[in-house]
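Only one structure is covered here, and it is reproduced in the block below.
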Amino acid sequence: MQKSAFGRLGLTIGVMSVQVAALTFAGSDTARASALTDEARAGLVKSAEEACFDGQSKQEANKSRKPEVLHAFCYCFGEKMSYTMTMEKLIAAFGKPVTSTEEEDRLMRTVFDNCWQVHVK
C-alpha cells in the first residue's frame with residue numbers, strides 16, 4: 001500500500017473518531033481522561049472499518065483481494081487503534097484539523113503492519 005493511502009487511512013479514522021466521540025458524548029462531563037465506553041468503542045470501530053474498507057478497496061493493489069479479507073484487516077486496524085484513544089483526546093480534537101505526532105504515526109504503522117500480516121499476507 002502506498003504511503004499516501006496510509007496517511008488518508010489515518011486521517012479518515014481520525015475524523016471518524018472525533019465524529020463518533022462528539023456525537024456520542026456531547027455535553028458529557030465524564031469524558032475527562034477516561035477510556036472509551038463500549039458504545040463509543042463499537043461506534044468508532046464500525047466507522048473506522050467502513051472508512052478503511054472504502055479506501056482500501058479503491059487501491060489498485062487491493063483490487064484482486066476478497067472483500068472479506070479487506071474487512072478483516074480493516075476491523076483489526078480499527079479495533080486495535082480504538083484502544084489507543086481516550087474520550088478526552090477525541091473530544092479535545094473535535095472541530096480541529098486532524099494531526100498526529102511522530103509517535104502516533106509509528107503506532108498506527110505498527111498496528112497497520114500487524115493487521116496486514118495477520119489478515120492479508
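By order in the C-alpha cells, chains are A, B, ...; within a chain, residues start at 1; ligands start at 1, following the order shown.
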- Excluding Asn114 of chain A and residues on its chain fewer than 2 positions from it, collect all residues at most 12 Å away from it, counting only C-alpha atoms, and give them as a PyMOL selection string. chain A and resi 73-74+76-77+80-81+107-112+116-121
Pull C-alpha atoms from the residues just selected and write them as a tab-separated table (two decimals), in the first residue's frame.
```
chain	number	residue	atom	x	y	z
A	73	PHE	CA	-7.92	-6.22	8.02
A	74	CYS	CA	-9.89	-3.01	8.48
A	76	CYS	CA	-8.42	-5.37	13.06
A	77	PHE	CA	-6.92	-1.93	12.45
A	80	LYS	CA	-6.66	-2.14	17.81
A	81	MET	CA	-6.45	1.62	17.30
A	107	LEU	CA	1.95	3.33	16.49
A	108	MET	CA	-0.50	3.44	13.57
A	109	ARG	CA	2.14	1.97	11.26
A	110	THR	CA	2.86	-0.85	13.72
A	111	VAL	CA	-0.83	-1.70	14.11
A	112	PHE	CA	-1.30	-1.46	10.34
A	116	TRP	CA	-1.85	-6.65	7.37
A	117	GLN	CA	0.40	-9.62	8.24
A	118	VAL	CA	-2.38	-11.43	10.08
A	119	HIS	CA	-5.24	-10.84	7.64
A	120	VAL	CA	-3.86	-10.08	4.19
A	121	LYS	CA	-0.48	-11.75	3.58
```
Closest pair table for segment 72-108 of chain A residues within 7 Å of segment 45-60 of chain A, only C-alpha atoms, as CSV:
```
residue,atom,partner,partner_atom,distance
A:Cys74,CA,A:Glu49,CA,4.8
A:Tyr75,CA,A:Glu49,CA,5.0
A:Gly78,CA,A:Val45,CA,4.9
A:Glu79,CA,A:Val45,CA,5.3
A:Ser82,CA,A:Val45,CA,6.6
```
Residues from last step as file, N, CA and C atoms, as a short mmCIF file (atom, residue, chain, number, x, y, z; two decimals), in the first residue's frame:
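For reference, selection.cif as written:
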```cif
data_model
loop_
_atom_site.label_atom_id
_atom_site.label_comp_id
_atom_site.auth_asym_id
_atom_site.auth_seq_id
_atom_site.Cartn_x
_atom_site.Cartn_y
_atom_site.Cartn_z
N CYS A 74 -9.41 -4.31 8.03
CA CYS A 74 -9.89 -3.01 8.48
C CYS A 74 -10.50 -3.08 9.88
N TYR A 75 -11.21 -4.17 10.18
CA TYR A 75 -11.74 -4.34 11.52
C TYR A 75 -10.59 -4.43 12.52
N GLY A 78 -9.04 -0.91 13.02
CA GLY A 78 -9.92 -0.04 13.79
C GLY A 78 -10.05 -0.47 15.24
N GLU A 79 -10.17 -1.77 15.44
CA GLU A 79 -10.33 -2.30 16.80
C GLU A 79 -9.08 -2.06 17.63
N SER A 82 -8.61 1.61 18.43
CA SER A 82 -9.58 2.13 19.39
C SER A 82 -9.07 2.07 20.82
#
```
- Message: Counting only C-alpha atoms, which residue out of A:Ala61, A:Asp105, A:Glu68, A:Thr84 sits closest to Ala35 of chain A?
- Response: A:Thr84
